[in-house]
Every structure is written in C-alpha cells, then in structure tokens.
$ cat entry.cif   # mmCIF, C-alpha atoms
data_upload
loop_
_atom_site.label_atom_id
_atom_site.label_comp_id
_atom_site.auth_asym_id
_atom_site.auth_seq_id
_atom_site.Cartn_x
_atom_site.Cartn_y
_atom_site.Cartn_z
CA MET A 1 0.00 0.00 0.00
CA LYS A 2 2.80 2.39 1.02
CA LYS A 3 4.70 1.55 -2.14
CA ALA A 4 1.65 2.28 -4.28
CA ASN A 5 1.28 5.70 -2.61
CA ARG A 6 4.94 6.50 -3.19
CA LEU A 7 4.57 5.60 -6.87
CA LYS A 8 1.54 7.86 -7.13
CA VAL A 9 3.49 10.78 -5.61
CA ILE A 10 6.38 10.22 -8.00
CA ALA A 11 4.00 10.08 -10.97
CA ILE A 12 2.25 13.30 -9.93
CA CYS A 13 5.61 15.08 -9.37
CA THR A 14 6.84 13.98 -12.81
CA LEU A 15 3.65 15.18 -14.50
CA PHE A 16 3.82 18.50 -12.62
CA SER A 17 7.47 19.09 -13.57
CA VAL A 18 6.69 18.29 -17.23
CA GLY A 19 3.84 20.79 -17.03
CA LEU A 20 6.11 23.47 -15.59
CA THR A 21 8.70 22.92 -18.31
CA GLY A 22 5.89 23.39 -20.83
CA CYS A 23 5.03 26.77 -19.30
CA ALA A 24 8.61 27.98 -19.63
CA SER A 25 8.57 27.94 -23.43
CA THR A 26 9.10 31.20 -25.33
CA LYS A 27 6.32 32.51 -27.54
CA VAL A 28 7.24 34.81 -30.38
CA GLY A 29 4.67 37.03 -32.01
CA TYR A 30 4.39 40.15 -34.15
CA GLY A 31 3.03 43.32 -32.58
CA ASP A 32 1.71 46.59 -33.96
CA ALA A 33 4.70 48.92 -34.65
CA GLY A 34 2.39 51.91 -34.23
CA ALA A 35 1.00 50.84 -30.84
CA VAL A 36 1.61 52.94 -27.75
CA GLU A 37 4.60 51.57 -25.86
CA SER A 38 4.97 52.44 -22.18
CA THR A 39 7.30 49.80 -20.81
CA THR A 40 9.63 52.26 -19.05
CA THR A 41 10.13 56.04 -18.88
CA ASP A 42 13.13 55.77 -21.23
CA PHE A 43 12.89 57.26 -24.71
CA GLY A 44 10.80 54.84 -26.80
CA SER A 45 9.11 54.25 -30.14
CA THR A 46 5.96 56.20 -29.21
CA ASP A 47 8.10 59.23 -28.29
CA LEU A 48 9.89 59.02 -31.63
CA GLN A 49 6.61 58.73 -33.56
CA MET A 50 4.97 61.58 -31.62
CA ILE A 51 7.97 63.87 -32.14
CA ALA A 52 8.23 63.11 -35.87
CA GLY A 53 4.47 63.51 -36.39
CA LYS A 54 4.28 66.83 -34.60
CA MET A 55 7.39 68.28 -36.27
CA VAL A 56 6.36 67.34 -39.80
CA ASP A 57 2.78 68.64 -39.32
CA SER A 58 4.09 71.90 -37.85
CA LEU A 59 6.69 72.44 -40.60
CA LEU A 60 4.29 71.77 -43.47
CA THR A 61 1.52 74.02 -42.10
CA PHE A 62 3.67 77.03 -41.13
CA PRO A 63 2.49 79.81 -43.52
CA PRO A 64 5.96 81.10 -44.66
CA ILE A 65 7.04 77.48 -45.37
CA VAL A 66 3.79 76.91 -47.31
CA ASP A 67 4.68 80.01 -49.41
CA ILE A 68 8.25 78.76 -50.02
CA THR A 69 7.10 75.29 -51.06
CA SER A 70 3.99 76.25 -53.04
CA LYS A 71 5.72 76.48 -56.42
CA ARG A 72 9.00 74.64 -55.98
CA ARG A 73 10.61 71.92 -53.88
CA PRO A 74 13.57 73.51 -52.06
CA VAL A 75 16.61 71.36 -51.26
CA MET A 76 17.42 70.72 -47.61
CA PHE A 77 20.09 68.88 -45.66
CA VAL A 78 19.84 67.44 -42.18
CA ASP A 79 22.52 68.35 -39.66
CA THR A 80 22.84 66.39 -36.42
CA ILE A 81 20.32 66.49 -33.60
CA LYS A 82 22.27 67.02 -30.39
CA ASN A 83 21.39 64.53 -27.70
CA LYS A 84 21.59 66.52 -24.44
CA THR A 85 19.82 63.89 -22.37
CA SER A 86 21.54 61.44 -20.04
CA GLU A 87 20.26 58.50 -22.12
CA HIS A 88 21.79 56.91 -25.17
CA ILE A 89 19.36 57.88 -27.94
CA ASP A 90 19.85 57.33 -31.65
CA THR A 91 18.89 60.85 -32.78
CA GLU A 92 19.73 59.96 -36.39
CA SER A 93 16.76 57.63 -36.32
CA VAL A 94 14.51 60.56 -35.30
CA THR A 95 15.83 62.77 -38.11
CA ASP A 96 15.54 59.87 -40.57
CA THR A 97 11.82 59.54 -39.77
CA ILE A 98 11.28 63.31 -40.00
CA SER A 99 13.19 63.72 -43.27
CA SER A 100 11.42 60.69 -44.82
CA LYS A 101 8.00 62.10 -43.96
CA VAL A 102 8.93 65.59 -45.24
CA LEU A 103 10.37 64.13 -48.45
CA ARG A 104 7.31 61.95 -49.03
CA SER A 105 5.01 64.96 -48.59
CA GLY A 106 6.47 66.21 -51.89
CA LYS A 107 7.29 69.64 -50.43
CA PHE A 108 11.09 69.41 -49.98
CA ARG A 109 13.99 67.51 -51.50
CA PHE A 110 17.05 66.39 -49.56
CA VAL A 111 20.76 65.95 -50.04
CA ASP A 112 22.31 63.28 -47.84
CA MET A 113 25.52 64.55 -46.27
CA THR A 114 26.29 61.15 -44.74
CA LYS A 115 26.87 59.71 -48.23
CA VAL A 116 29.18 62.37 -49.66
CA ALA A 117 32.28 60.16 -49.41
CA ALA A 118 30.54 57.24 -51.15
CA VAL A 119 29.32 59.51 -53.97
CA GLN A 120 32.82 61.00 -54.38
CA LYS A 121 34.28 57.51 -54.65
CA GLN A 122 31.70 56.49 -57.27
CA MET A 123 32.25 59.72 -59.27
CA ALA A 124 36.01 59.18 -59.21
CA TYR A 125 35.49 55.61 -60.43
CA GLN A 126 33.20 56.73 -63.26
CA ASN A 127 35.36 59.65 -64.43
CA GLU A 128 38.94 58.69 -63.60
CA SER A 129 39.27 54.93 -63.61
CA GLY A 130 38.87 54.52 -67.38
CA MET A 131 36.47 51.64 -66.76
CA VAL A 132 33.22 53.53 -67.50
CA SER A 133 32.20 54.80 -70.95
CA LYS A 134 32.34 58.60 -71.12
CA SER A 135 28.83 58.83 -72.56
CA SER A 136 27.29 57.17 -69.52
CA ALA A 137 29.56 58.62 -66.80
CA MET A 138 27.93 61.13 -64.47
CA ASN A 139 29.43 64.62 -64.79
CA MET A 140 31.31 66.21 -61.92
CA GLY A 141 30.26 69.54 -60.45
CA ARG A 142 26.55 69.30 -61.14
CA GLN A 143 25.19 68.62 -57.67
CA ILE A 144 22.62 71.03 -56.30
CA GLY A 145 23.52 73.00 -53.19
CA ALA A 146 21.17 72.75 -50.22
CA GLU A 147 19.17 75.90 -49.56
CA TYR A 148 18.00 74.95 -46.08
CA MET A 149 19.50 73.16 -43.09
CA MET A 150 17.51 71.20 -40.52
CA TYR A 151 19.01 70.87 -37.03
CA GLY A 152 17.92 70.61 -33.43
CA ASN A 153 18.30 69.46 -29.84
CA LEU A 154 16.83 66.84 -27.57
CA SER A 155 17.03 67.57 -23.87
CA SER A 156 15.51 66.05 -20.75
CA ILE A 157 14.89 66.78 -17.10
CA VAL A 158 14.68 63.74 -14.84
CA LYS A 159 13.38 63.91 -11.29
CA ARG A 160 13.08 61.12 -8.75
CA SER A 161 11.34 61.07 -5.42
CA GLY A 162 10.92 57.83 -3.46
CA ASN A 163 9.06 55.43 -5.71
CA SER A 164 8.10 57.90 -8.42
CA LYS A 165 10.05 59.14 -11.43
CA ASP A 166 9.22 62.03 -13.73
CA VAL A 167 10.91 62.52 -17.09
CA TYR A 168 10.37 65.58 -19.25
CA TYR A 169 11.67 65.53 -22.83
CA LYS A 170 11.93 68.59 -25.03
CA PHE A 171 12.71 68.23 -28.71
CA THR A 172 13.51 71.41 -30.63
CA LEU A 173 13.84 71.47 -34.39
CA LYS A 174 14.82 74.40 -36.61
CA VAL A 175 15.14 75.09 -40.32
CA MET A 176 17.72 77.69 -41.36
CA HIS A 177 18.21 79.39 -44.73
CA VAL A 178 21.86 78.55 -45.45
CA GLU A 179 22.73 81.70 -47.44
CA SER A 180 21.19 84.30 -45.16
CA GLY A 181 21.48 82.44 -41.85
CA ILE A 182 17.86 83.22 -41.05
CA VAL A 183 15.92 80.61 -39.08
CA GLU A 184 12.76 80.19 -41.16
CA TRP A 185 10.94 77.80 -38.85
CA SER A 186 11.30 76.35 -35.38
CA ASP A 187 9.08 74.27 -33.13
CA GLU A 188 9.19 72.24 -29.95
CA LYS A 189 7.58 69.05 -28.79
CA GLU A 190 7.30 68.36 -25.09
CA ILE A 191 6.69 64.92 -23.60
CA ARG A 192 6.11 64.11 -19.95
CA LYS A 193 6.42 60.56 -18.69
CA THR A 194 5.84 59.42 -15.15
CA ALA A 195 6.39 56.11 -13.43
CA LYS A 196 5.30 54.99 -9.99
CA LYS A 197 6.42 51.82 -8.34
CA SER A 198 3.58 50.27 -6.37
CA LEU A 199 4.00 47.55 -3.81
CA PHE A 200 0.99 45.54 -4.97
CA GLY A 201 -0.56 45.00 -8.38
CA ALA A 202 0.35 46.77 -11.57
CA MET B 1 -21.91 25.99 -8.30
CA LYS B 2 -18.78 27.86 -7.31
CA ALA B 3 -16.99 26.53 -10.37
CA TYR B 4 -19.75 27.86 -12.66
CA LEU B 5 -19.57 31.26 -10.98
CA LEU B 6 -15.79 31.43 -11.42
CA THR B 7 -16.07 30.42 -15.08
CA GLY B 8 -18.68 33.15 -15.60
CA VAL B 9 -16.42 35.77 -14.01
CA LEU B 10 -13.46 34.63 -16.11
CA ILE B 11 -15.45 34.78 -19.35
CA SER B 12 -16.76 38.26 -18.59
CA ALA B 13 -13.22 39.44 -17.72
CA VAL B 14 -11.93 38.11 -21.03
CA GLY B 15 -14.86 39.80 -22.78
CA LEU B 16 -14.05 43.14 -21.17
CA GLY B 17 -10.40 42.77 -22.08
CA GLY B 18 -11.44 42.17 -25.68
CA CYS B 19 -13.51 45.36 -25.72
CA ALA B 20 -10.54 47.40 -24.56
CA THR B 21 -8.68 46.78 -27.81
CA SER B 22 -11.30 48.49 -29.97
CA GLY B 23 -13.01 51.83 -29.65
CA MET B 24 -14.69 54.27 -32.00
CA GLU B 25 -14.10 54.89 -35.66
CA ALA B 26 -15.25 57.90 -37.70
CA GLU B 27 -14.80 58.84 -41.33
CA GLY B 28 -14.95 62.24 -42.96
CA LYS B 29 -14.02 64.53 -45.82
CA PRO B 30 -13.78 68.34 -46.14
CA SER B 31 -17.40 68.83 -47.34
CA ASP B 32 -18.95 67.07 -44.31
CA ASP B 33 -20.87 69.01 -41.70
CA PRO B 34 -18.55 69.25 -38.68
CA LYS B 35 -21.37 68.68 -36.19
CA TYR B 36 -22.24 65.27 -37.55
CA ALA B 37 -19.49 62.75 -37.95
CA LYS B 38 -20.29 60.59 -40.95
CA HIS B 39 -20.01 56.84 -40.68
CA LEU B 40 -19.40 56.70 -36.96
CA VAL B 41 -18.77 53.12 -35.93
CA ILE B 42 -18.77 52.24 -32.25
CA HIS B 43 -16.93 49.06 -31.36
CA ASN B 44 -16.94 49.76 -27.65
CA GLU B 45 -20.22 51.09 -26.26
CA ALA B 46 -18.81 51.51 -22.75
CA LEU B 47 -16.22 53.95 -24.13
CA ALA B 48 -18.81 55.72 -26.33
CA ASP B 49 -20.81 56.54 -23.18
CA LYS B 50 -17.78 58.27 -21.69
CA ILE B 51 -16.07 59.95 -24.64
CA ILE B 52 -17.76 61.52 -27.65
CA ILE B 53 -16.50 63.06 -30.88
CA GLN B 54 -18.15 66.45 -30.63
CA GLU B 55 -16.91 68.01 -33.85
CA MET B 56 -14.97 66.97 -36.92
CA HIS B 57 -13.54 69.70 -39.13
CA ALA B 58 -11.57 69.13 -42.31
CA ARG B 59 -10.11 71.50 -44.89
CA VAL B 60 -7.67 71.45 -47.72
CA ALA B 61 -4.94 73.89 -46.70
CA ARG B 62 -3.13 76.24 -49.07
CA SER B 63 -0.34 73.68 -49.25
CA GLY B 64 -2.81 71.21 -50.81
CA LEU B 65 -2.69 68.95 -47.75
CA LEU B 66 -5.85 67.85 -45.94
CA GLU B 67 -6.00 69.13 -42.36
CA VAL B 68 -8.30 67.54 -39.79
CA SER B 69 -9.36 68.93 -36.45
CA LEU B 70 -11.30 66.82 -34.01
CA VAL B 71 -12.97 67.86 -30.74
CA LEU B 72 -13.20 65.07 -28.20
CA ALA B 73 -15.25 65.54 -25.03
CA ASN B 74 -14.87 63.55 -21.84
CA LEU B 75 -18.36 63.19 -20.32
CA THR B 76 -17.10 61.69 -17.06
CA SER B 77 -15.51 63.55 -14.16
CA THR B 78 -12.38 61.39 -14.13
CA ASP B 79 -9.32 61.70 -16.37
CA LYS B 80 -9.33 59.33 -19.34
CA ASN B 81 -6.21 58.01 -21.02
CA ILE B 82 -7.07 57.50 -24.65
CA GLN B 83 -5.19 57.06 -27.92
CA TYR B 84 -6.14 58.12 -31.42
CA ARG B 85 -4.90 57.40 -34.92
CA PHE B 86 -5.64 58.98 -38.26
CA SER B 87 -5.58 57.02 -41.49
CA TRP B 88 -5.66 58.66 -44.90
CA TYR B 89 -7.30 57.66 -48.20
CA ASP B 90 -7.04 58.95 -51.76
CA ALA B 91 -9.92 59.56 -54.21
CA ASP B 92 -10.05 55.86 -55.12
CA ASN B 93 -10.24 54.88 -51.44
CA PHE B 94 -6.70 53.46 -51.39
CA GLU B 95 -4.91 53.98 -48.10
CA VAL B 96 -2.02 56.46 -48.34
CA GLU B 97 1.24 55.88 -46.40
CA GLN B 98 -0.26 52.85 -44.69
CA ASP B 99 2.71 51.98 -42.51
CA SER B 100 3.40 55.46 -41.22
CA ARG B 101 0.36 55.78 -38.97
CA ALA B 102 0.89 55.43 -35.24
CA TRP B 103 -1.33 55.72 -32.19
CA THR B 104 -0.96 58.96 -30.24
CA PRO B 105 -1.64 58.84 -26.51
CA VAL B 106 -3.49 61.75 -24.89
CA VAL B 107 -4.98 62.50 -21.47
CA LEU B 108 -8.56 63.84 -21.54
CA HIS B 109 -9.22 65.57 -18.25
CA GLY B 110 -12.56 65.10 -16.51
CA LYS B 111 -15.51 67.03 -18.04
CA SER B 112 -13.22 68.69 -20.56
CA LYS B 113 -12.86 68.96 -24.31
CA SER B 114 -9.67 68.51 -26.22
CA ASN B 115 -8.65 69.21 -29.77
CA MET B 116 -6.71 66.68 -31.86
CA GLN B 117 -5.22 67.64 -35.17
CA GLY B 118 -3.88 65.65 -38.05
CA LEU B 119 -2.24 66.50 -41.35
CA ALA B 120 -2.40 64.29 -44.41
CA PRO B 121 0.99 62.91 -45.49
CA ASN B 122 0.63 64.17 -49.07
CA PRO B 123 -1.75 66.08 -51.38
CA THR B 124 -3.39 62.95 -52.87
CA VAL B 125 -5.46 62.44 -49.69
CA THR B 126 -9.18 63.25 -49.98
CA THR B 127 -10.79 61.41 -47.06
CA TYR B 128 -9.71 60.38 -43.61
CA LYS B 129 -10.61 57.97 -40.87
CA VAL B 130 -9.96 58.37 -37.17
CA ASN B 131 -9.86 55.62 -34.57
CA ILE B 132 -10.15 56.30 -30.87
CA ARG B 133 -9.66 53.77 -28.11
CA GLU B 134 -8.92 53.68 -24.44
CA LEU B 135 -5.29 53.29 -23.41
CA LYS B 136 -4.86 50.39 -21.05
#
$ encode --input "entry.cif" --output "structure tokens"
Amino acid sequence: MKKANRLKVIAICTLFSVGLTGCASTKVGYGDAGAVESTTTDFGSTDLQMIAGKMVDSLLTFPPIVDITSKRRPVMFVDTIKNKTSEHIDTESVTDTISSKVLRSGKFRFVDMTKVAAVQKQMAYQNESGMVSKSSAMNMGRQIGAEYMMYGNLSSIVKRSGNSKDVYYKFTLKVMHVESGIVEWSDEKEIRKTAKKSLFGA
Amino acid sequence: MKAYLLTGVLISAVGLGGCATSGMEAEGKPSDDPKYAKHLVIHNEALADKIIIQEMHARVARSGLLEVSLVLANLTSTDKNIQYRFSWYDADNFEVEQDSRAWTPVVLHGKSKSNMQGLAPNPTVTTYKVNIRELK
C-alpha cells in the first residue's frame, strides 16, 4: 500500500514538472509597430513617432514654409540632432523619420551629407578609372547645393522622489536658410512621462 | 456551483479585455458638416458613453494637404487616457502611407474637451478615418 502511494506521488511530481517545463517555453509574435509603448520612462518608439508627427505637421503648415514650397521643392540637408539627455538615444533615427515624412510629402527635397564620401568615390570611379564609358559617366560639379538646413536638440529633465520618477523631454527642431542664416521655422515638442512603483498590483 | 460562478467571471473578464482593444471609428471629408461625424462606428459602447466626438472639421490647406481637427469631449468627471490614430485615403479609397500611422496617446481631463489635429501625409489624400480607443 505504502509503495503504491509512493509511486503515485512520483507520478504526480513527474507530471507536474513536465507541465512546468511546458510553461517555460518562449512565444514569439508580431506586434503593432504603431501601438503605444509604455514599458519604461526611457525614450521609446511612441516618443519618436509623436515627435516626428508633430514636427512634420508643424513644418508643413507654417504659412511662410507653405509660401516657399507652393511652387518649388527647395533642397534641404539634415545636420545632427544634439542629444543633451543622459540617455543613449539614436537621434539619427529621429531625423531619418522626420526627413522621410517631409520628403514623401512632396514639399522638400534632400541631399544626404552622410553619403558624400561614397558619392565622391563612385564619381572618381566613373570619371577617372577609365572603366566607365564617357557617354554614360555622371558629370562632376553638377550637384545642387542645399538651400535649407535642418538641425535641433533633444534635452531632458529627470526627477526622482521615493518610488516615483518624472521625465520631461523637449525636442527642438529648426530650419535655417543657409545663405542668409535666417531661421525660417522652429518648433518644440514636449513629452512628460511618469512612473510609480507600487507595492501591490500593476 | 462555485466553479460555474468562477467560469462566468473569467469569461466576462476576457470579454471586457477584448472590448478594450477596440473603440470608436469615424470617417470624414472636407465637405462634411462638422457637427455630424459621418459613418461613426462604435466598437466599444462603454467607451462611447464616456467619450464623444463632438466636432470633426476638415479643410484642404493652401499647401494642398488635408488638415483635420477633431474635438473630443470627456463626459465623465475622471481623467481618461485615450489614444487616437488617423488614417488617410485617396480619391479611389486606397490607403495612403499605410505603414506610417501610429497611435498617439493623450490625457482627456474630466468634463473637458480637447482638440486633436492631423495633417495628411501628401496632397493625394481626400478622405480620412480616425480611430479612438482607451489606453490600457
């Protein structure tokens, strides 16, 4: 009788451990890239999307910019966005999203300053290597100079008190006329994120 | 008996959780009367009792881009965390820049109105759709 009981216990334990192992499996799924993400107070995808959305809407509705872009598509280049926060943030990713949206609106054109070296190398190959037929080689000295420069800052103020944390982000973006040095447009986007650690529950 | 009760509670909890993923959906174009949102679809009646789309304005700006302004009113006295998303369609009802739309979170304070604005991604847009749901 005792032996039978022991066997039963062993069987139940084995089944239970098999069950637990089953629970520990990893499930991979696809989520909505546009969904609101609030895992932590760190800079996240929703912040990037909100900043890009606001900046593009503001730029394209500002009356002097509407006048400038009504009959032609001026050429712009993107300078760096200074990351003044204490976090590691890929600000190039923010400017990439903004410049893509602005370009796809059909109101501005862009020159990519990060690819100057690659273009120079290709031009040298086409014109100087003797490998490319002269009729199809791209001519030197025909690039179009950028009329406007886009640049900005991302700063943050972080405050902690006990179990709560408050993060304030401020993104400033400006567009300057390269020749005259006049700032044609500027706008800010503010984001406030708060986190509270609670002892129980979520 | 207890088991039945627990099952009932579990099912209703799952049901409520399901409702939280959908909200309200409204369509419009510049010629629509702002006081009456055309084609308003309510997926979540509990949310529709608390938050209403009071006005929907749309215009084609001088830049040729469709601008939308939406007035949302919180009928309750507590703050509501909601999210909204615009989607844009051309004259043939094809969605424009499908992958670029993202949900925007916003806090609607108790018994207050708030204005949401959206700008079409390019001049081909003629109609828009807005989705509103509660942020959980």
$ closest_atom_pairs --input "entry.cif" --of "chain A" --to "chain B" --cutoff "8 Å" --atoms "only C-alpha atoms" --output "Markdown table"
| residue | atom | partner | partner_atom | distance |
| --- | --- | --- | --- | --- |
| A:Ala33 | CA | B:Ala102 | CA | 7.6 |
| A:Gly34 | CA | B:Ala102 | CA | 4.0 |
| A:Ala35 | CA | B:Trp103 | CA | 5.6 |
| A:Val36 | CA | B:Trp103 | CA | 6.0 |
| A:Thr46 | CA | B:Thr104 | CA | 7.5 |
| A:Gln49 | CA | B:Ala102 | CA | 6.8 |
| A:Met50 | CA | B:Thr104 | CA | 6.6 |
| A:Asp57 | CA | B:Leu119 | CA | 5.8 |
| A:Leu60 | CA | B:Ser63 | CA | 7.6 |
| A:Thr61 | CA | B:Ser63 | CA | 7.4 |
| A:Val66 | CA | B:Ser63 | CA | 5.6 |
| A:Thr69 | CA | B:Ser63 | CA | 7.8 |
| A:Ser70 | CA | B:Ser63 | CA | 6.3 |
| A:Lys101 | CA | B:Pro121 | CA | 7.2 |
| A:Arg104 | CA | B:Asn122 | CA | 7.0 |
| A:Ser105 | CA | B:Asn122 | CA | 4.5 |
| A:Gly106 | CA | B:Asn122 | CA | 6.8 |
$ resolve_selection --input "entry.cif" --expression "the PyMOL selection byres ((chain B and resi 51-60) around 7)" --output "JSON, numbers by chain"
{"B": [29, 30, 34, 35, 37, 47, 48, 49, 50, 61, 62, 64, 65, 66, 67, 68, 69, 70, 71, 72, 73, 74, 75]}
$ resolve_selection --input "entry.cif" --expression "the PyMOL selection byres ((chain A and resi 89-98) around 10)" --output "MDAnalysis selection string"
(chainID A and resid 42:45 47:49 51:56 78:88 99:104 150:154 173) or (chainID B and resid 100)
$ axis_aligned_box --input "entry.cif" --around "stretch 120-124 of chain B" --padding-each-side "5 Å" --output "AutoDock Vina command-line options"
--center_x -1.2 --center_y 64.5 --center_z -48.6 --size_x 14.4 --size_y 13.2 --size_z 18.5
$ residues_around --input "entry.cif" --residues "A:Ile68" --least-positions-apart "6" --cutoff "12 Å" --atoms "only C-alpha atoms" --output "MDAnalysis selection string"
(chainID A and resid 59:62 74:75 107:108 147:148 177 184:185) or (chainID B and resid 62:63)
